[in-house]
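The structure appears right after this line, and notes come after that.
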Amino acid sequence: MEYTGLNELREKFLSFFESKAHTRLPSFPLLPQGDNSLLLINSGMAPMKKWFLGQDTPPNKRVTTCQKCIRTPDIENVGKTARHGTYFEMLGNFSFGDYFKHEATKWAWEFITEELKLPIDRLWVSIYEDDDETKDIWVNEVGVSPDRIVRLGKEDNFWEIGAGPCGPCSEIYFDRGEENGCGKPDCAVGCDCDRYVEFWNLVFSQFDNDGNGNYTPLEHPNIDTGMGLERLACIMQGVNNLFEVDTVQNIMKHISQIANVKYHDDDKKDISLRVITDHIRSTVFMISDGITASNEGRGYVLRRLLRRAARHGRLLGIEKPFLYEVAKTVIKENESAYPELKEKEDYIIKAIKFEEESFNKTINKGFALLGELIEELKAKGDTVLSGENAFKLYDTYGFPIDLTQEIIAENGMTIDEESFYSLMKEQKDRARKARMSQADVAWADELLSLDGQKTEFVGYETLTTSGKVLAIVLDGEGVGSVSAPNKAVIVTDKTPFYAESGGQAADKGIITANGFEAKVTDVQKTTGGLYLHSLEITSGNIAVDDTVTLTVDKAIRDATRRNHTSAHLLQAALRKILGEHVHQAGQLVNADTMRFDFSHFEALTPEQIRRVEKEVNEQILSGLEVVTKEMSIDKAKKTGAMALFGEKYGETVRVVSAGDYSVEFCGGTHIDNTAKIGLFKIVSESSVASGVRRIEAKTGTEVLELIYSDNDLINKAAAALKLSNPNELADKCVSLSAELKEKSNEIDKLNSKLASQQFNSIADNATEIKGVKVVTAVLNDIKPDTLRTLGDNIRDKSEDIVGVFIGTNNDKSNILCVCGKGAVKKGANAGKIVKAVAMVTDGNGGGRPDSAMAGVGDKSKISEAINAVEKIVEEML
């Protein structure tokens with residue numbers, strides 16, 4: 001057994017299984033892809049659930065990986081012992097319905113005894129207590145001595161973690177020697193002491209756990225093995241714990257250098273060194289994989305790790321931000337296996353530094369306050385910190401509740417958590433109500449706290465510019481950085497993007513930087529003058545203070561400008577044709593359409609619509625120059641410019657003029673000549689509210705698309721009617737309609753004849769009840785009017801008859817009841833009978849004593865209703 005570095009061990013393992021026809025895959029991101037059951041990837045097989053379950057096809061039935069993993073259930077114990085950590089790497093070889101126990105055990109033993117040359121006399125194997133098959137393979141095929149095999153129960157040798165594939169397992173242990181044991185006579189494999197170290201788990205994956213303890217056999221048994229890389233490195237390097245492994249120890253040495261302390265000199269300082277070392281490893285990899293610090297979900301895990309590490313830096317006497325410096329060593333120690341760390345180094349460092357600086361702004365006051373609160377509790381002999389004080393530490397000083405709990409616990413105290421979480425809920429409820437009551441993005445000014453900074457809008461003059469990132473918002477919280485794939489909001493000091501305003505939709509486009517690209521899907525402006533760019537990040541990462549290039553989509557801007565200028569022309573045309581009472585009541589202009597709401601009290605006639613349309617197009621074809629000027633509001637009013645009713649304007653306004661035809665106050669974007677609109681076509685006119693009408697129209701290429709669409713529809717209709725000339729379509733439709741009506745009448749007559757024949761046959765088979773003949777029938781494809789006519793005919797043929805008929809016609813069914821004069825005298829009542837029959841189908845209806853109709857509720861109950869008729873009639877007579 002030779003000393004082997006962690007990075008070399010990783011490569012040895014992956015190369016070994018490549019030689020066994022396995023495909024080497026890179027580690028999956030820590031951010032679960034398409035798996036809502038996990039917050040973070042916590043095992044080697046977790047990202048491969050879809051392959052184990054047969055939901056997707058793997059690149060090969062044999063795969064090997066070294067997977068980055070994070071587990072945080074024992075975060076409070078990290079540092080207190082050298083055995084706990086949140087970040088680790090898991091080596092694994094996997095079979096998706098290919099090989100099973102025979103190969104898995106054979107190759108595992110080959111790797112550790114021949115490749116790593118671990119001494120056989122220090123190796124032990126455990127199996128699930130009922131798994132005789134696996135013991136037989138280990139002994140008779142692999143050659144392991146029976147006295148080196150131990151049976152353990154489900155807790156130890158049945159692998160499962162949350163929902164997903166699971167099954168019995170076999171574990172391989174390394175005996176570190178009696179000197180590392182607990183000294184108990186029964187110390188053996190499975191003991192909690194440090195002597196026997198389980199380092200490789202071979203899972204024979206045979207079941208799928210739905211997360212609720214229900215196990216379903218997998219169609220094809222799989223192999224899922226996991227060997228902790230750091231744990232293996234401990235064995236190969238002869239060290240006691242993961243913090244002494246070469247790459248991890250180099251990280252700790254950097255921390256020790258900054259803090260001017262030495263590992264193993266002081267137990268309390270050792271705890272802090274271990275906490276920082278573990279947590280900075282986790283945070284570097286989490287940020288690299290696109291996770292951003294926040295107050296919820298995986299973002300909260302990241303923030304908690306960073307702030308816990310920062311707090312332990314304080315305990316070591318480090319007062320300034322330092323974690324971002326240590327991150328460089330984490331990257332250096334791991335970049336050979338994870339080159340993306342080096343590629344994202346600047347981003348990772350910026351993200352960590354931003355979070356550190358944010359925490360440091362308030363942490364000193366927070367620590368001082370908490371110290372005072374602890375001293376006050378001690379003086380009173382109390383041991384419970386109130387929820388109010390815990391909430392103040394969280395809300396005012398940025399202390400995660402977990403950090404407060406940890407410090408309080410160190411002093412033998414607890415927190416009134418119920419009260420704390422009640423206050424948290426009240427705060428969230430208040431914030432939600434406040435945001436809902438404010439206009440759109442009013443929350444942003446307070447959230448971003450940019451000390452009066454504003455975004456300079458340059459979009460009137462240019463469609464592209466460079467700008468500095470002032471702030472980033474992710475999931476409603478300010479963050480220092482963000483990466484793909486995420487949806488975020490950024491604020492820049494300068495932008496060419498028009499923010500949604502005055503009924504004009506926001507510009508769209510892209511924002512780029514070195515390796516960073518994002519689609520701009522929306523832009524909003526706060527009351528404080530900040531432009532919020534909503535992004536869908538497609539690649540790379542970005543941080544506060546980065547310089548980016550902002551580029552507006554010219555085609556979308558031009559189409560929007562055409563529609564906006566056409567709205568101005570439309571208002572002028574409406575006022576000219578309909579009257580001076582017309583005023584804008586709302587509008588929407590974007591790249592696809594122009595929608596204009598205006599005051600008017602009746603629908604426009606087709607002739608008025610044509611006149612308005614013609615008027616607007618005449619102004620377009622006139623090629624009027626469109627000029628935009630800024631002037632004082634008083635001067636603007638003197639020009640006769642129209643203002644929007646109810647709108648408040650500042651001292652300086654923008655006035656947009658289309659020749660002398662239209663002059664309006666407007667802050668939107670416009671073309672410079674009406675000819676560039678191309679063509680204007682009204683597609684609809686409707687009512688929005690009392691006294692408010694709406695016109696929707698198309699301009700430019702959208703009119704062409706409308707023409708193409710209409711032509712396609714006409715041509716398809718002509719082809720369906722086998723017309724060579726679409727101009728004949730209207731005449732053909734008129735003649736076809738007449739023909740169909742004639743055919744329909746013929747069909748009705750034929751159905752009536754068929755129904756009459758059925759009635760005659762039905763009457764011959766009537767059932768007599770107390771001197772009354774009762775007939776029933778279900779008739780398909782018969783209209784209600786025809787059903788009623790035929791019912792009247794059979795009633796008139798016999799005075800002592802009660803007829804109940806159910807007729808179906810397309811999706812509707814009706815029940816008709818008729819009673820002859822003699823039947824009515826004997827107590828029969830068509831209205832009551834039809835109501836009772838209809839109720840059987842959950843329907844309803846009624847009518848006269850001699851004739852009544854009802855609707856069928858549930859068609860599946862028609863037979864039941866017909867069968868109930870005779871009893872209903874008998875009870876009535």
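We name chains A, B, ... following the order of the structure tokens; residues begin at 1 in each chain, and ligands are numbered from 1 as shown.
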Closest contacts (range 321-345 of chain A/range 67-88 of chain A, max 12 Å, only C-alpha atoms) as a tab-separated table:
```
residue	atom	partner	partner_atom	distance
A:Asn334	CA	A:Lys68	CA	11.4
A:Ala337	CA	A:Gln67	CA	11.0
A:Tyr338	CA	A:Lys68	CA	10.1
```
Exercise: Ser466 in chain A partners within 10 Å, only C-alpha atoms, chain neighbours under 3 positions left out, as a ChimeraX atom specification:
/A:469,492-496,511-513,547-551
Residues within 8 Å of range 851-857 of chain A, please, as a VMD selection string. Count only C-alpha atoms; anything in the same chain fewer than 6 positions from it doesn't count.
chain A and resid 792 812 to 819 830 to 831 834 to 835 838 841 to 845
Okay, now the selection with all heavy atoms, as a CSV table (one decimal), in the first residue's frame?
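Listed below is the output, result.csv:
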```
chain,number,residue,atom,x,y,z
A,792,ASP,N,-97.5,13.6,-30.4
A,792,ASP,CA,-98.9,14.0,-30.5
A,792,ASP,C,-99.7,13.1,-31.4
A,792,ASP,O,-100.9,12.8,-31.1
A,792,ASP,CB,-98.9,15.5,-31.1
A,792,ASP,CG,-98.3,16.5,-30.1
A,792,ASP,OD1,-98.3,16.2,-28.9
A,792,ASP,OD2,-98.0,17.6,-30.6
A,812,LYS,N,-77.4,16.0,-27.1
A,812,LYS,CA,-78.5,16.3,-26.3
A,812,LYS,C,-79.5,15.2,-26.3
A,812,LYS,O,-79.7,14.6,-27.4
A,812,LYS,CB,-79.2,17.6,-26.7
A,812,LYS,CG,-78.3,18.9,-26.5
A,812,LYS,CD,-79.0,20.1,-26.8
A,812,LYS,CE,-78.2,21.4,-26.5
A,812,LYS,NZ,-78.9,22.6,-26.8
A,813,SER,N,-80.2,15.0,-25.2
A,813,SER,CA,-81.3,14.0,-25.1
A,813,SER,C,-82.4,14.6,-24.4
A,813,SER,O,-82.3,15.3,-23.4
A,813,SER,CB,-80.8,12.7,-24.4
A,813,SER,OG,-79.7,12.1,-25.1
A,814,ASN,N,-83.7,14.2,-24.9
A,814,ASN,CA,-84.9,14.8,-24.3
A,814,ASN,C,-85.9,13.6,-24.0
A,814,ASN,O,-85.9,12.6,-24.7
A,814,ASN,CB,-85.5,15.8,-25.2
A,814,ASN,CG,-84.7,17.0,-25.4
A,814,ASN,OD1,-84.6,17.9,-24.5
A,814,ASN,ND2,-84.0,17.1,-26.6
A,815,ILE,N,-86.7,13.9,-23.0
A,815,ILE,CA,-87.7,12.9,-22.6
A,815,ILE,C,-89.1,13.5,-22.9
A,815,ILE,O,-89.4,14.7,-22.5
A,815,ILE,CB,-87.7,12.6,-21.1
A,815,ILE,CG1,-86.3,12.1,-20.7
A,815,ILE,CG2,-88.7,11.5,-20.8
A,815,ILE,CD1,-86.0,12.0,-19.2
A,816,LEU,N,-89.9,12.8,-23.7
A,816,LEU,CA,-91.3,13.3,-24.0
A,816,LEU,C,-92.3,12.3,-23.3
A,816,LEU,O,-92.1,11.1,-23.4
A,816,LEU,CB,-91.5,13.3,-25.5
A,816,LEU,CG,-93.0,13.6,-25.9
A,816,LEU,CD1,-93.3,15.0,-25.7
A,816,LEU,CD2,-93.2,13.2,-27.4
A,817,CYS,N,-93.3,12.9,-22.7
A,817,CYS,CA,-94.4,12.1,-22.2
A,817,CYS,C,-95.8,12.6,-22.8
A,817,CYS,O,-96.0,13.8,-22.7
A,817,CYS,CB,-94.5,12.1,-20.7
A,817,CYS,SG,-95.9,11.1,-20.0
A,818,VAL,N,-96.6,11.7,-23.3
A,818,VAL,CA,-97.9,12.1,-23.8
A,818,VAL,C,-99.0,11.2,-23.1
A,818,VAL,O,-98.7,10.0,-22.9
A,818,VAL,CB,-98.0,12.0,-25.3
A,818,VAL,CG1,-97.1,13.0,-26.0
A,818,VAL,CG2,-97.6,10.6,-25.8
A,819,CYS,N,-100.1,11.8,-22.8
A,819,CYS,CA,-101.2,11.1,-22.2
A,819,CYS,C,-102.5,11.3,-23.0
A,819,CYS,O,-102.9,12.5,-23.2
A,819,CYS,CB,-101.4,11.5,-20.7
A,819,CYS,SG,-99.9,11.1,-19.7
A,830,ALA,N,-98.9,13.9,-17.6
A,830,ALA,CA,-97.7,13.8,-18.4
A,830,ALA,C,-96.6,14.7,-17.7
A,830,ALA,O,-95.4,14.3,-17.7
A,830,ALA,CB,-97.9,14.4,-19.8
A,831,GLY,N,-97.0,15.9,-17.2
A,831,GLY,CA,-96.0,16.7,-16.5
A,831,GLY,C,-95.3,16.1,-15.3
A,831,GLY,O,-94.1,16.2,-15.2
A,834,VAL,N,-93.1,12.9,-16.6
A,834,VAL,CA,-91.8,13.2,-17.2
A,834,VAL,C,-90.9,13.8,-16.2
A,834,VAL,O,-89.6,13.5,-16.3
A,834,VAL,CB,-92.1,14.3,-18.4
A,834,VAL,CG1,-92.2,15.7,-17.9
A,834,VAL,CG2,-90.9,14.1,-19.4
A,835,LYS,N,-91.4,14.5,-15.2
A,835,LYS,CA,-90.5,15.0,-14.1
A,835,LYS,C,-89.9,13.8,-13.3
A,835,LYS,O,-88.7,13.8,-13.1
A,835,LYS,CB,-91.3,15.9,-13.2
A,835,LYS,CG,-90.4,16.5,-12.1
A,835,LYS,CD,-91.2,17.6,-11.3
A,835,LYS,CE,-90.3,18.3,-10.3
A,835,LYS,NZ,-91.0,19.3,-9.5
A,838,ALA,N,-87.3,12.0,-15.5
A,838,ALA,CA,-86.1,12.8,-15.7
A,838,ALA,C,-85.2,12.8,-14.5
A,838,ALA,O,-84.0,12.8,-14.6
A,838,ALA,CB,-86.5,14.3,-16.0
A,841,THR,N,-82.5,10.3,-14.2
A,841,THR,CA,-81.2,10.7,-14.9
A,841,THR,C,-80.6,11.9,-14.4
A,841,THR,O,-79.6,12.5,-15.0
A,841,THR,CB,-81.5,10.9,-16.4
A,841,THR,OG1,-82.2,12.1,-16.6
A,841,THR,CG2,-82.3,9.7,-17.0
A,842,ASP,N,-81.0,12.4,-13.3
A,842,ASP,CA,-80.6,13.7,-12.7
A,842,ASP,C,-80.9,14.9,-13.6
A,842,ASP,O,-80.2,15.9,-13.6
A,842,ASP,CB,-79.0,13.7,-12.5
A,842,ASP,CG,-78.6,12.5,-11.5
A,842,ASP,OD1,-79.4,12.3,-10.6
A,842,ASP,OD2,-77.6,11.9,-11.8
A,843,GLY,N,-82.0,14.7,-14.4
A,843,GLY,CA,-82.5,15.8,-15.2
A,843,GLY,C,-83.7,16.5,-14.6
A,843,GLY,O,-84.1,16.2,-13.5
A,844,ASN,N,-84.4,17.3,-15.4
A,844,ASN,CA,-85.5,18.0,-14.8
A,844,ASN,C,-86.4,18.5,-16.0
A,844,ASN,O,-86.0,18.7,-17.1
A,844,ASN,CB,-85.1,19.2,-14.0
A,844,ASN,CG,-86.2,19.7,-13.0
A,844,ASN,OD1,-87.3,19.0,-12.9
A,844,ASN,ND2,-86.0,20.8,-12.4
A,845,GLY,N,-87.7,18.8,-15.7
A,845,GLY,CA,-88.6,19.2,-16.7
A,845,GLY,C,-90.1,19.1,-16.2
A,845,GLY,O,-90.3,18.8,-15.0
```
Give me every strand (DSSP E) residue in range 50-200 of chain A, going by DSSP on the backbone, as a PyMOL selection string.
chain A and resi 62-70+87-95+123-128+149-152+158-159+164-175+196-200
Which residues of range 492-576 of chain A sit at most 12 Å from range 286-289 of chain A, using only C-alpha atoms? Give each one's shortest atom pair and distance in Å (one decimal place), in chain and ascending residue order, as CSV.
```
residue,atom,partner,partner_atom,distance
A:Ser539,CA,A:Asp289,CA,12.0
A:Gly540,CA,A:Ser288,CA,10.3
A:Asn541,CA,A:Ser288,CA,9.4
A:Ile542,CA,A:Ile287,CA,11.8
A:Ala543,CA,A:Ile287,CA,11.9
```
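Each of A:Asp265, A:Ala585, A:Leu123, A:Asn389 was compared to Glu372 in chain A using only C-alpha atoms, and A:Asn389 turns out to be the nearest.
Closest to Pro119 in chain A among A:Glu296, A:Asp175, A:Asp278, A:Asp546 is A:Asp175, based on only C-alpha atoms.
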Can you pull out every residue within 10 Å of Pro168 in chain A, counting only C-alpha atoms, but drop anything in the same chain fewer than 5 positions away, and send it as a PyMOL selection string?
chain A and resi 127-131+134+153-154+156-160+202-207
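Compared by their closest atoms to Glu115 in chain A, and using only C-alpha atoms, the residues A:Met236, A:Cys66, A:Val197, A:Leu535 rank with A:Met236 nearest.
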What's the 8 Å shell around range 518-521 of chain A, counting only C-alpha atoms, without same-chain residues fewer than 2 positions away, as number ranges by chain?
A: 507-512, 516, 523, 533-539
Just C-alpha atoms for this one: save the residues we selected as a PDB file, in the first residue's frame.
```pdb
ATOM      1  CA  ASP A 507     -37.907  46.216 -25.417  1.00  0.00           C
ATOM      2  CA  LYS A 508     -36.402  42.769 -25.796  1.00  0.00           C
ATOM      3  CA  GLY A 509     -32.852  41.819 -26.650  1.00  0.00           C
ATOM      4  CA  ILE A 510     -29.696  40.412 -25.101  1.00  0.00           C
ATOM      5  CA  ILE A 511     -27.110  41.315 -22.479  1.00  0.00           C
ATOM      6  CA  THR A 512     -23.613  39.903 -22.913  1.00  0.00           C
ATOM      7  CA  PHE A 516     -22.106  35.519 -20.344  1.00  0.00           C
ATOM      8  CA  VAL A 523     -37.865  45.748 -18.468  1.00  0.00           C
ATOM      9  CA  HIS A 533     -33.993  44.000 -16.694  1.00  0.00           C
ATOM     10  CA  SER A 534     -35.617  40.564 -16.401  1.00  0.00           C
ATOM     11  CA  LEU A 535     -33.221  37.957 -17.736  1.00  0.00           C
ATOM     12  CA  GLU A 536     -33.218  34.346 -18.820  1.00  0.00           C
ATOM     13  CA  ILE A 537     -29.539  33.484 -18.443  1.00  0.00           C
ATOM     14  CA  THR A 538     -28.426  31.040 -21.112  1.00  0.00           C
ATOM     15  CA  SER A 539     -24.690  30.838 -20.423  1.00  0.00           C
TER      16      SER A 539
END
```
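If you look at CA of Val824 in chain A and CA of Asp850 in chain A, they are 6.9 Å away from each other.
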Can you tell me which residues surround range 91-93 of chain A at a distance of at most 10 Å, considering only C-alpha atoms, apart from same-chain residues fewer than 3 positions away, and format the answer as a PyMOL selection string?
chain A and resi 9-10+13-14+17-18+22-24+27+43-45+62-68+88+104+107-108+200-202+223-230+232
